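A.B. asks: This one is target_36.cif, mmCIF, N, CA and C atoms.
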```
data_data
loop_
_atom_site.label_atom_id
_atom_site.label_comp_id
_atom_site.auth_asym_id
_atom_site.auth_seq_id
_atom_site.Cartn_x
_atom_site.Cartn_y
_atom_site.Cartn_z
N MET A 1489 -50.27 -5.96 -3.10
CA MET A 1489 -49.03 -6.56 -3.60
C MET A 1489 -48.86 -7.95 -3.00
N ASN A 1490 -48.38 -8.86 -3.79
CA ASN A 1490 -48.13 -10.21 -3.30
C ASN A 1490 -46.69 -10.30 -2.79
N PHE A 1491 -46.53 -10.23 -1.48
CA PHE A 1491 -45.20 -10.17 -0.89
C PHE A 1491 -44.44 -11.49 -1.02
N MET A 1492 -45.16 -12.61 -1.03
CA MET A 1492 -44.47 -13.89 -1.21
C MET A 1492 -43.88 -13.99 -2.61
N ASN A 1493 -44.53 -13.38 -3.58
CA ASN A 1493 -43.99 -13.37 -4.93
C ASN A 1493 -42.68 -12.59 -4.98
N VAL A 1494 -42.60 -11.50 -4.23
CA VAL A 1494 -41.36 -10.71 -4.14
C VAL A 1494 -40.26 -11.55 -3.48
N ALA A 1495 -40.62 -12.29 -2.43
CA ALA A 1495 -39.65 -13.17 -1.76
C ALA A 1495 -39.16 -14.25 -2.72
N LEU A 1496 -40.06 -14.79 -3.52
CA LEU A 1496 -39.67 -15.82 -4.50
C LEU A 1496 -38.71 -15.24 -5.53
N LYS A 1497 -38.93 -14.02 -5.96
CA LYS A 1497 -38.00 -13.37 -6.90
C LYS A 1497 -36.62 -13.20 -6.27
N GLN A 1498 -36.59 -12.93 -4.96
CA GLN A 1498 -35.31 -12.85 -4.24
C GLN A 1498 -34.62 -14.22 -4.22
N ALA A 1499 -35.40 -15.27 -4.02
CA ALA A 1499 -34.85 -16.63 -4.03
C ALA A 1499 -34.25 -16.97 -5.39
N ILE A 1500 -34.90 -16.52 -6.44
CA ILE A 1500 -34.38 -16.76 -7.79
C ILE A 1500 -33.04 -16.04 -7.98
N LYS A 1501 -32.89 -14.86 -7.39
CA LYS A 1501 -31.59 -14.16 -7.45
C LYS A 1501 -30.50 -15.00 -6.79
N ALA A 1502 -30.82 -15.58 -5.64
CA ALA A 1502 -29.85 -16.44 -4.95
C ALA A 1502 -29.48 -17.63 -5.84
N TYR A 1503 -30.49 -18.24 -6.43
CA TYR A 1503 -30.27 -19.39 -7.32
C TYR A 1503 -29.33 -19.02 -8.47
N LYS A 1504 -29.57 -17.87 -9.08
CA LYS A 1504 -28.74 -17.44 -10.21
C LYS A 1504 -27.30 -17.16 -9.80
N LYS A 1505 -27.09 -16.86 -8.51
CA LYS A 1505 -25.73 -16.62 -8.00
C LYS A 1505 -25.16 -17.88 -7.35
N GLN A 1506 -25.81 -19.01 -7.62
CA GLN A 1506 -25.40 -20.33 -7.13
C GLN A 1506 -25.38 -20.41 -5.61
N ASP A 1507 -26.40 -19.82 -5.00
CA ASP A 1507 -26.58 -19.92 -3.56
C ASP A 1507 -27.91 -20.60 -3.29
N VAL A 1508 -28.07 -21.11 -2.09
CA VAL A 1508 -29.32 -21.78 -1.74
C VAL A 1508 -30.47 -20.80 -1.97
N PRO A 1509 -31.44 -21.17 -2.80
CA PRO A 1509 -32.48 -20.22 -3.20
C PRO A 1509 -33.54 -19.97 -2.13
N VAL A 1510 -33.23 -19.03 -1.27
CA VAL A 1510 -34.18 -18.59 -0.24
C VAL A 1510 -34.25 -17.07 -0.33
N GLY A 1511 -35.47 -16.55 -0.31
CA GLY A 1511 -35.68 -15.12 -0.34
C GLY A 1511 -36.55 -14.68 0.82
N ALA A 1512 -36.36 -13.44 1.26
CA ALA A 1512 -37.12 -12.91 2.39
C ALA A 1512 -37.50 -11.46 2.13
N VAL A 1513 -38.67 -11.08 2.65
CA VAL A 1513 -39.17 -9.72 2.53
C VAL A 1513 -39.77 -9.33 3.89
N ILE A 1514 -39.46 -8.13 4.35
CA ILE A 1514 -40.06 -7.63 5.59
C ILE A 1514 -40.98 -6.47 5.22
N VAL A 1515 -42.21 -6.55 5.75
CA VAL A 1515 -43.26 -5.60 5.42
C VAL A 1515 -43.77 -4.93 6.69
N LYS A 1516 -44.00 -3.62 6.60
CA LYS A 1516 -44.63 -2.88 7.70
C LYS A 1516 -45.66 -1.95 7.09
N ASP A 1517 -46.84 -1.93 7.66
CA ASP A 1517 -47.93 -1.09 7.15
C ASP A 1517 -48.16 -1.32 5.66
N ASN A 1518 -48.08 -2.58 5.27
CA ASN A 1518 -48.34 -3.00 3.89
C ASN A 1518 -47.33 -2.43 2.88
N LYS A 1519 -46.13 -2.04 3.37
CA LYS A 1519 -45.07 -1.56 2.49
C LYS A 1519 -43.80 -2.38 2.74
N ILE A 1520 -43.06 -2.66 1.68
CA ILE A 1520 -41.81 -3.40 1.82
C ILE A 1520 -40.77 -2.51 2.47
N ILE A 1521 -40.22 -3.01 3.58
CA ILE A 1521 -39.17 -2.30 4.31
C ILE A 1521 -37.80 -2.79 3.84
N SER A 1522 -37.71 -4.12 3.62
CA SER A 1522 -36.44 -4.69 3.15
C SER A 1522 -36.71 -6.00 2.42
N LYS A 1523 -35.76 -6.38 1.62
CA LYS A 1523 -35.81 -7.67 0.94
C LYS A 1523 -34.38 -8.17 0.79
N ALA A 1524 -34.26 -9.50 0.77
CA ALA A 1524 -32.91 -10.09 0.72
C ALA A 1524 -32.98 -11.52 0.21
N TYR A 1525 -31.83 -12.03 -0.15
CA TYR A 1525 -31.70 -13.43 -0.54
C TYR A 1525 -30.45 -14.01 0.10
N ASN A 1526 -30.39 -15.33 0.14
CA ASN A 1526 -29.24 -16.01 0.75
C ASN A 1526 -27.94 -15.59 0.07
N LYS A 1527 -26.92 -15.37 0.88
CA LYS A 1527 -25.58 -15.03 0.38
C LYS A 1527 -24.52 -15.84 1.11
N LYS A 1528 -24.92 -16.97 1.64
CA LYS A 1528 -24.01 -17.81 2.43
C LYS A 1528 -22.81 -18.26 1.60
N GLU A 1529 -23.06 -18.77 0.42
CA GLU A 1529 -21.97 -19.23 -0.46
C GLU A 1529 -21.22 -18.04 -1.06
N LEU A 1530 -21.96 -17.05 -1.49
CA LEU A 1530 -21.36 -15.88 -2.12
C LEU A 1530 -20.38 -15.17 -1.18
N LYS A 1531 -20.78 -15.00 0.07
CA LYS A 1531 -19.96 -14.29 1.06
C LYS A 1531 -19.08 -15.22 1.89
N LYS A 1532 -19.25 -16.53 1.68
CA LYS A 1532 -18.50 -17.53 2.47
C LYS A 1532 -18.68 -17.27 3.97
N ASN A 1533 -19.95 -17.06 4.35
CA ASN A 1533 -20.28 -16.70 5.72
C ASN A 1533 -21.57 -17.43 6.12
N SER A 1534 -21.49 -18.26 7.13
CA SER A 1534 -22.61 -19.13 7.51
C SER A 1534 -23.83 -18.39 8.04
N ILE A 1535 -23.71 -17.12 8.40
CA ILE A 1535 -24.88 -16.41 8.92
C ILE A 1535 -25.56 -15.53 7.88
N LYS A 1536 -25.13 -15.57 6.66
CA LYS A 1536 -25.73 -14.72 5.61
C LYS A 1536 -26.98 -15.38 5.01
N HIS A 1537 -27.93 -15.69 5.89
CA HIS A 1537 -29.22 -16.21 5.46
C HIS A 1537 -30.10 -15.04 5.04
N ALA A 1538 -31.05 -15.29 4.17
CA ALA A 1538 -31.94 -14.24 3.67
C ALA A 1538 -32.65 -13.50 4.81
N GLU A 1539 -33.13 -14.26 5.80
CA GLU A 1539 -33.86 -13.64 6.91
C GLU A 1539 -32.97 -12.68 7.70
N ILE A 1540 -31.75 -13.09 7.98
CA ILE A 1540 -30.82 -12.27 8.76
C ILE A 1540 -30.49 -10.98 8.01
N ILE A 1541 -30.22 -11.11 6.72
CA ILE A 1541 -29.89 -9.94 5.91
C ILE A 1541 -31.09 -8.99 5.84
N ALA A 1542 -32.29 -9.55 5.66
CA ALA A 1542 -33.50 -8.72 5.60
C ALA A 1542 -33.72 -8.00 6.92
N ILE A 1543 -33.49 -8.69 8.03
CA ILE A 1543 -33.64 -8.06 9.35
C ILE A 1543 -32.63 -6.93 9.52
N GLU A 1544 -31.38 -7.16 9.13
CA GLU A 1544 -30.36 -6.11 9.21
C GLU A 1544 -30.77 -4.87 8.41
N LYS A 1545 -31.24 -5.10 7.20
CA LYS A 1545 -31.65 -3.98 6.34
C LYS A 1545 -32.84 -3.23 6.93
N ALA A 1546 -33.81 -3.97 7.46
CA ALA A 1546 -35.00 -3.34 8.06
C ALA A 1546 -34.63 -2.51 9.27
N CYS A 1547 -33.74 -3.03 10.11
CA CYS A 1547 -33.30 -2.28 11.30
C CYS A 1547 -32.61 -0.98 10.88
N LYS A 1548 -31.78 -1.08 9.87
CA LYS A 1548 -31.07 0.11 9.38
C LYS A 1548 -32.06 1.13 8.83
N LYS A 1549 -33.02 0.68 8.04
CA LYS A 1549 -33.99 1.59 7.44
C LYS A 1549 -34.88 2.25 8.49
N LEU A 1550 -35.34 1.45 9.47
CA LEU A 1550 -36.24 1.98 10.49
C LEU A 1550 -35.49 2.63 11.66
N LYS A 1551 -34.16 2.48 11.66
CA LYS A 1551 -33.30 3.04 12.71
C LYS A 1551 -33.68 2.52 14.10
N THR A 1552 -33.98 1.23 14.15
CA THR A 1552 -34.30 0.57 15.42
C THR A 1552 -34.18 -0.94 15.22
N TRP A 1553 -33.92 -1.63 16.33
CA TRP A 1553 -33.91 -3.09 16.25
C TRP A 1553 -35.29 -3.66 16.59
N HIS A 1554 -36.19 -2.80 16.99
CA HIS A 1554 -37.57 -3.21 17.30
C HIS A 1554 -38.39 -3.25 16.01
N LEU A 1555 -38.60 -4.42 15.49
CA LEU A 1555 -39.38 -4.55 14.26
C LEU A 1555 -40.83 -4.94 14.57
N ASP A 1556 -41.35 -4.31 15.62
CA ASP A 1556 -42.75 -4.53 16.00
C ASP A 1556 -43.65 -4.21 14.81
N ASN A 1557 -44.75 -4.90 14.73
CA ASN A 1557 -45.73 -4.68 13.66
C ASN A 1557 -45.19 -4.96 12.26
N CYS A 1558 -44.11 -5.74 12.18
CA CYS A 1558 -43.57 -6.14 10.88
C CYS A 1558 -43.93 -7.60 10.61
N ILE A 1559 -44.04 -7.91 9.34
CA ILE A 1559 -44.30 -9.27 8.90
C ILE A 1559 -43.13 -9.70 8.02
N LEU A 1560 -42.63 -10.91 8.26
CA LEU A 1560 -41.56 -11.48 7.45
C LEU A 1560 -42.18 -12.53 6.52
N TYR A 1561 -41.95 -12.36 5.23
CA TYR A 1561 -42.34 -13.35 4.23
C TYR A 1561 -41.05 -14.03 3.78
N VAL A 1562 -41.02 -15.35 3.84
CA VAL A 1562 -39.80 -16.08 3.50
C VAL A 1562 -40.17 -17.36 2.75
N THR A 1563 -39.34 -17.73 1.79
CA THR A 1563 -39.69 -18.86 0.93
C THR A 1563 -39.44 -20.22 1.58
N LEU A 1564 -38.68 -20.26 2.66
CA LEU A 1564 -38.39 -21.52 3.36
C LEU A 1564 -38.52 -21.29 4.86
N GLU A 1565 -39.11 -22.25 5.54
CA GLU A 1565 -39.26 -22.16 7.00
C GLU A 1565 -37.91 -21.83 7.64
N PRO A 1566 -37.86 -20.82 8.49
CA PRO A 1566 -36.59 -20.40 9.10
C PRO A 1566 -35.93 -21.47 9.99
N CYS A 1567 -34.61 -21.45 10.00
CA CYS A 1567 -33.81 -22.34 10.84
C CYS A 1567 -33.77 -21.80 12.27
N MET A 1568 -33.05 -22.50 13.13
CA MET A 1568 -32.93 -22.09 14.53
C MET A 1568 -32.29 -20.71 14.67
N MET A 1569 -31.23 -20.45 13.93
CA MET A 1569 -30.54 -19.16 14.02
C MET A 1569 -31.47 -18.03 13.59
N CYS A 1570 -32.14 -18.21 12.47
CA CYS A 1570 -33.04 -17.17 11.97
C CYS A 1570 -34.25 -16.98 12.88
N THR A 1571 -34.74 -18.06 13.45
CA THR A 1571 -35.85 -17.97 14.41
C THR A 1571 -35.42 -17.13 15.61
N GLY A 1572 -34.19 -17.32 16.07
CA GLY A 1572 -33.68 -16.50 17.17
C GLY A 1572 -33.63 -15.03 16.80
N ALA A 1573 -33.20 -14.73 15.58
CA ALA A 1573 -33.15 -13.33 15.13
C ALA A 1573 -34.56 -12.75 15.00
N ILE A 1574 -35.50 -13.55 14.56
CA ILE A 1574 -36.89 -13.12 14.44
C ILE A 1574 -37.44 -12.77 15.83
N ILE A 1575 -37.18 -13.62 16.79
CA ILE A 1575 -37.63 -13.38 18.17
C ILE A 1575 -36.99 -12.12 18.72
N GLN A 1576 -35.66 -12.00 18.57
CA GLN A 1576 -34.94 -10.84 19.11
C GLN A 1576 -35.39 -9.53 18.48
N SER A 1577 -35.75 -9.56 17.21
CA SER A 1577 -36.15 -8.33 16.53
C SER A 1577 -37.63 -8.00 16.73
N ARG A 1578 -38.34 -8.90 17.38
CA ARG A 1578 -39.76 -8.70 17.72
C ARG A 1578 -40.70 -8.65 16.52
N ILE A 1579 -40.33 -9.34 15.45
CA ILE A 1579 -41.23 -9.47 14.31
C ILE A 1579 -42.48 -10.20 14.79
N GLN A 1580 -43.64 -9.69 14.43
CA GLN A 1580 -44.88 -10.24 14.99
C GLN A 1580 -45.45 -11.42 14.21
N LYS A 1581 -45.11 -11.52 12.93
CA LYS A 1581 -45.70 -12.59 12.12
C LYS A 1581 -44.70 -13.06 11.08
N VAL A 1582 -44.70 -14.37 10.84
CA VAL A 1582 -43.86 -14.96 9.80
C VAL A 1582 -44.76 -15.78 8.88
N VAL A 1583 -44.63 -15.51 7.59
CA VAL A 1583 -45.34 -16.28 6.57
C VAL A 1583 -44.27 -16.97 5.73
N TYR A 1584 -44.32 -18.30 5.67
CA TYR A 1584 -43.32 -19.01 4.88
C TYR A 1584 -43.99 -19.87 3.81
N ALA A 1585 -43.24 -20.16 2.75
CA ALA A 1585 -43.80 -20.88 1.60
C ALA A 1585 -43.72 -22.39 1.76
N THR A 1586 -42.58 -22.90 2.20
CA THR A 1586 -42.43 -24.36 2.26
C THR A 1586 -41.68 -24.77 3.53
N GLU A 1587 -41.98 -25.99 3.98
CA GLU A 1587 -41.34 -26.51 5.19
C GLU A 1587 -39.86 -26.77 4.94
N ASN A 1588 -39.12 -26.77 6.03
CA ASN A 1588 -37.70 -27.09 6.01
C ASN A 1588 -37.52 -28.32 6.91
N PRO A 1589 -37.71 -29.52 6.34
CA PRO A 1589 -37.71 -30.72 7.18
C PRO A 1589 -36.37 -31.01 7.89
N ASN A 1590 -35.27 -30.56 7.34
CA ASN A 1590 -33.96 -30.84 7.94
C ASN A 1590 -33.56 -29.81 8.99
N HIS A 1591 -33.84 -28.54 8.72
CA HIS A 1591 -33.34 -27.49 9.60
C HIS A 1591 -34.41 -26.51 10.07
N GLY A 1592 -35.65 -26.71 9.68
CA GLY A 1592 -36.72 -25.81 10.08
C GLY A 1592 -36.93 -25.82 11.59
N PHE A 1593 -37.15 -24.67 12.14
CA PHE A 1593 -37.27 -24.57 13.59
C PHE A 1593 -38.52 -23.82 14.01
N LEU A 1594 -38.98 -22.95 13.19
CA LEU A 1594 -40.08 -22.06 13.57
C LEU A 1594 -41.39 -22.83 13.81
N GLN A 1595 -41.83 -23.58 12.85
CA GLN A 1595 -43.11 -24.28 12.96
C GLN A 1595 -43.03 -25.46 13.92
N SER A 1596 -41.91 -26.13 13.93
CA SER A 1596 -41.79 -27.35 14.72
C SER A 1596 -41.60 -27.09 16.22
N ASN A 1597 -41.25 -25.87 16.57
CA ASN A 1597 -40.97 -25.55 17.97
C ASN A 1597 -42.17 -24.83 18.59
N TYR A 1598 -42.94 -25.55 19.35
CA TYR A 1598 -44.17 -25.03 19.95
C TYR A 1598 -43.89 -23.81 20.83
N ASP A 1599 -42.77 -23.79 21.51
CA ASP A 1599 -42.45 -22.68 22.42
C ASP A 1599 -42.36 -21.33 21.70
N VAL A 1600 -41.93 -21.33 20.45
CA VAL A 1600 -41.81 -20.07 19.71
C VAL A 1600 -43.17 -19.40 19.63
N LYS A 1601 -44.17 -20.16 19.27
CA LYS A 1601 -45.53 -19.59 19.15
C LYS A 1601 -46.10 -19.24 20.52
N LYS A 1602 -45.91 -20.13 21.48
CA LYS A 1602 -46.52 -19.98 22.80
C LYS A 1602 -45.85 -18.88 23.63
N ILE A 1603 -44.55 -18.93 23.76
CA ILE A 1603 -43.82 -18.00 24.62
C ILE A 1603 -43.67 -16.62 23.98
N TYR A 1604 -43.33 -16.59 22.71
CA TYR A 1604 -43.00 -15.31 22.07
C TYR A 1604 -44.17 -14.70 21.30
N ASN A 1605 -45.29 -15.41 21.25
CA ASN A 1605 -46.51 -14.89 20.64
C ASN A 1605 -46.29 -14.44 19.19
N ILE A 1606 -45.57 -15.23 18.45
CA ILE A 1606 -45.35 -14.93 17.03
C ILE A 1606 -46.39 -15.70 16.22
N GLN A 1607 -47.06 -14.99 15.33
CA GLN A 1607 -48.01 -15.65 14.44
C GLN A 1607 -47.22 -16.33 13.33
N ILE A 1608 -47.58 -17.57 13.04
CA ILE A 1608 -46.88 -18.33 12.02
C ILE A 1608 -47.92 -18.82 11.02
N GLU A 1609 -47.63 -18.61 9.75
CA GLU A 1609 -48.57 -18.98 8.72
C GLU A 1609 -47.84 -19.60 7.53
N LYS A 1610 -48.32 -20.73 7.07
CA LYS A 1610 -47.77 -21.31 5.85
C LYS A 1610 -48.55 -20.73 4.69
N ASN A 1611 -47.83 -20.26 3.67
CA ASN A 1611 -48.47 -19.64 2.52
C ASN A 1611 -49.16 -20.68 1.67
N ASN A 1612 -49.87 -20.25 0.67
CA ASN A 1612 -50.65 -21.18 -0.16
C ASN A 1612 -49.76 -22.16 -0.93
N GLU A 1613 -50.39 -23.20 -1.43
CA GLU A 1613 -49.67 -24.30 -2.08
C GLU A 1613 -48.93 -23.88 -3.35
N ILE A 1614 -49.39 -22.83 -4.01
CA ILE A 1614 -48.72 -22.39 -5.23
C ILE A 1614 -47.28 -21.98 -4.92
N TYR A 1615 -47.10 -21.16 -3.89
CA TYR A 1615 -45.75 -20.71 -3.54
C TYR A 1615 -44.95 -21.80 -2.87
N SER A 1616 -45.62 -22.66 -2.15
CA SER A 1616 -44.95 -23.81 -1.55
C SER A 1616 -44.33 -24.67 -2.65
N LYS A 1617 -45.11 -24.93 -3.69
CA LYS A 1617 -44.63 -25.75 -4.80
C LYS A 1617 -43.49 -25.06 -5.55
N LYS A 1618 -43.64 -23.77 -5.83
CA LYS A 1618 -42.60 -23.04 -6.56
C LYS A 1618 -41.29 -23.01 -5.78
N SER A 1619 -41.39 -22.73 -4.49
CA SER A 1619 -40.19 -22.67 -3.65
C SER A 1619 -39.53 -24.03 -3.54
N SER A 1620 -40.34 -25.05 -3.32
CA SER A 1620 -39.83 -26.41 -3.20
C SER A 1620 -39.14 -26.86 -4.49
N GLU A 1621 -39.75 -26.58 -5.63
CA GLU A 1621 -39.16 -26.96 -6.92
C GLU A 1621 -37.82 -26.26 -7.15
N LEU A 1622 -37.74 -24.99 -6.79
CA LEU A 1622 -36.49 -24.23 -6.96
C LEU A 1622 -35.39 -24.81 -6.07
N LEU A 1623 -35.73 -25.15 -4.84
CA LEU A 1623 -34.75 -25.76 -3.93
C LEU A 1623 -34.28 -27.11 -4.44
N LYS A 1624 -35.21 -27.94 -4.90
CA LYS A 1624 -34.86 -29.27 -5.43
C LYS A 1624 -33.96 -29.15 -6.64
N LEU A 1625 -34.28 -28.21 -7.54
CA LEU A 1625 -33.45 -27.99 -8.73
C LEU A 1625 -32.04 -27.58 -8.33
N PHE A 1626 -31.93 -26.66 -7.39
CA PHE A 1626 -30.62 -26.20 -6.93
C PHE A 1626 -29.79 -27.36 -6.39
N PHE A 1627 -30.35 -28.17 -5.49
CA PHE A 1627 -29.58 -29.25 -4.89
C PHE A 1627 -29.28 -30.37 -5.87
N ARG A 1628 -30.17 -30.59 -6.84
CA ARG A 1628 -29.90 -31.58 -7.88
C ARG A 1628 -28.69 -31.13 -8.70
N GLU A 1629 -28.63 -29.86 -9.03
CA GLU A 1629 -27.51 -29.32 -9.81
C GLU A 1629 -26.22 -29.34 -9.02
N GLN A 1630 -26.28 -29.19 -7.71
CA GLN A 1630 -25.09 -29.22 -6.87
C GLN A 1630 -24.47 -30.61 -6.81
N ARG A 1631 -25.28 -31.63 -6.99
CA ARG A 1631 -24.80 -33.02 -6.91
C ARG A 1631 -24.16 -33.50 -8.19
N LYS A 1632 -24.26 -32.73 -9.27
CA LYS A 1632 -23.69 -33.16 -10.56
C LYS A 1632 -22.19 -33.18 -10.50
#
```
Translate this file's structure into C-alpha cells.
C.D. replies:
Amino acid sequence: MNFMNVALKQAIKAYKKQDVPVGAVIVKDNKIISKAYNKKELKKNSIKHAEIIAIEKACKKLKTWHLDNCILYVTLEPCMMCTGAIIQSRIQKVVYATENPNHGFLQSNYDVKKIYNIQIEKNNEIYSKKSSELLKLFFREQRK
C-alpha cells in the first residue's frame, strides 16, 4: 500500500473543508493505525494539526502513548509543535512529501535526528509536487 497516497487523500479532505491541506497517516507493521487531516480552521483550535490528531488516534487505538516502531507519513514537513509530539510519542520514522520553508522544524533541526534518533525521509518528487500544488492552490484561493 502506498501510505503517502493515503496521506494525500487526507490532505484533500482538509482542502475540501477549507482547511490547510495537510494529511497524516501512522503505520505499524505495515498496517494503518490512524489517519487524519488538519482541522485547525474547522475546530478553531491552533493545535489541531494532522500529525497531532493522527498521534492522538494512534495512542487511543494502541492504548499507549509509546508509538515505538511506528512510521508517520505526512504531506508537509512537521512544525515545531508536531515535531515535539513526534519525539514525545517515540515515533521512529517520519516520511514527508514536501518541505515547509516557513514553519518546518523536523528536517532543519539537526538535533532531532542526532539526539532523538528519528529517521527522516523526504518522499519522492511525485508526492512532493502534488502536496506542494495543493498547498499553493489553497493559499491562492484564500487571498481572493
A.B. asks: Could you please determine the separation between atom CA of Arg1628 of chain A and atom CA of Ala1502 of chain A in Å, to one decimal place?
C.D. replies: 15.4 Å
A.B. asks: Could you please determine the separation between atom CA of Tyr1503 of chain A and atom CA of Ser1577 of chain A in Å, to one decimal place?
C.D. replies: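 Distance between the two atoms: 26.9 Å.
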A.B. asks: Which polymer residues, protein or nucleic acid, are no farther than 6.5 Å from (-39.0, -19.8, 5.3), counting all atoms listed in the file, as a ChimeraX atom specification?
C.D. replies: /A:1561-1566,1583-1586
A.B. asks: If I take atom CA of Tyr1615 of chain A and atom N of His1554 of chain A, how far is one from the other in Å, to one decimal?
C.D. replies: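 Separating atom CA of Tyr1615 of chain A from atom N of His1554 of chain A is a distance of 28.9 Å.
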A.B. asks: Quick one: apply the PyMOL selection byres (((chain A and resi 1626 and name CA) around 12) and name CA) to the file and drop the selected residues here as number ranges by chain.
C.D. replies: A: 1499-1500, 1502-1510, 1619-1625, 1627-1632
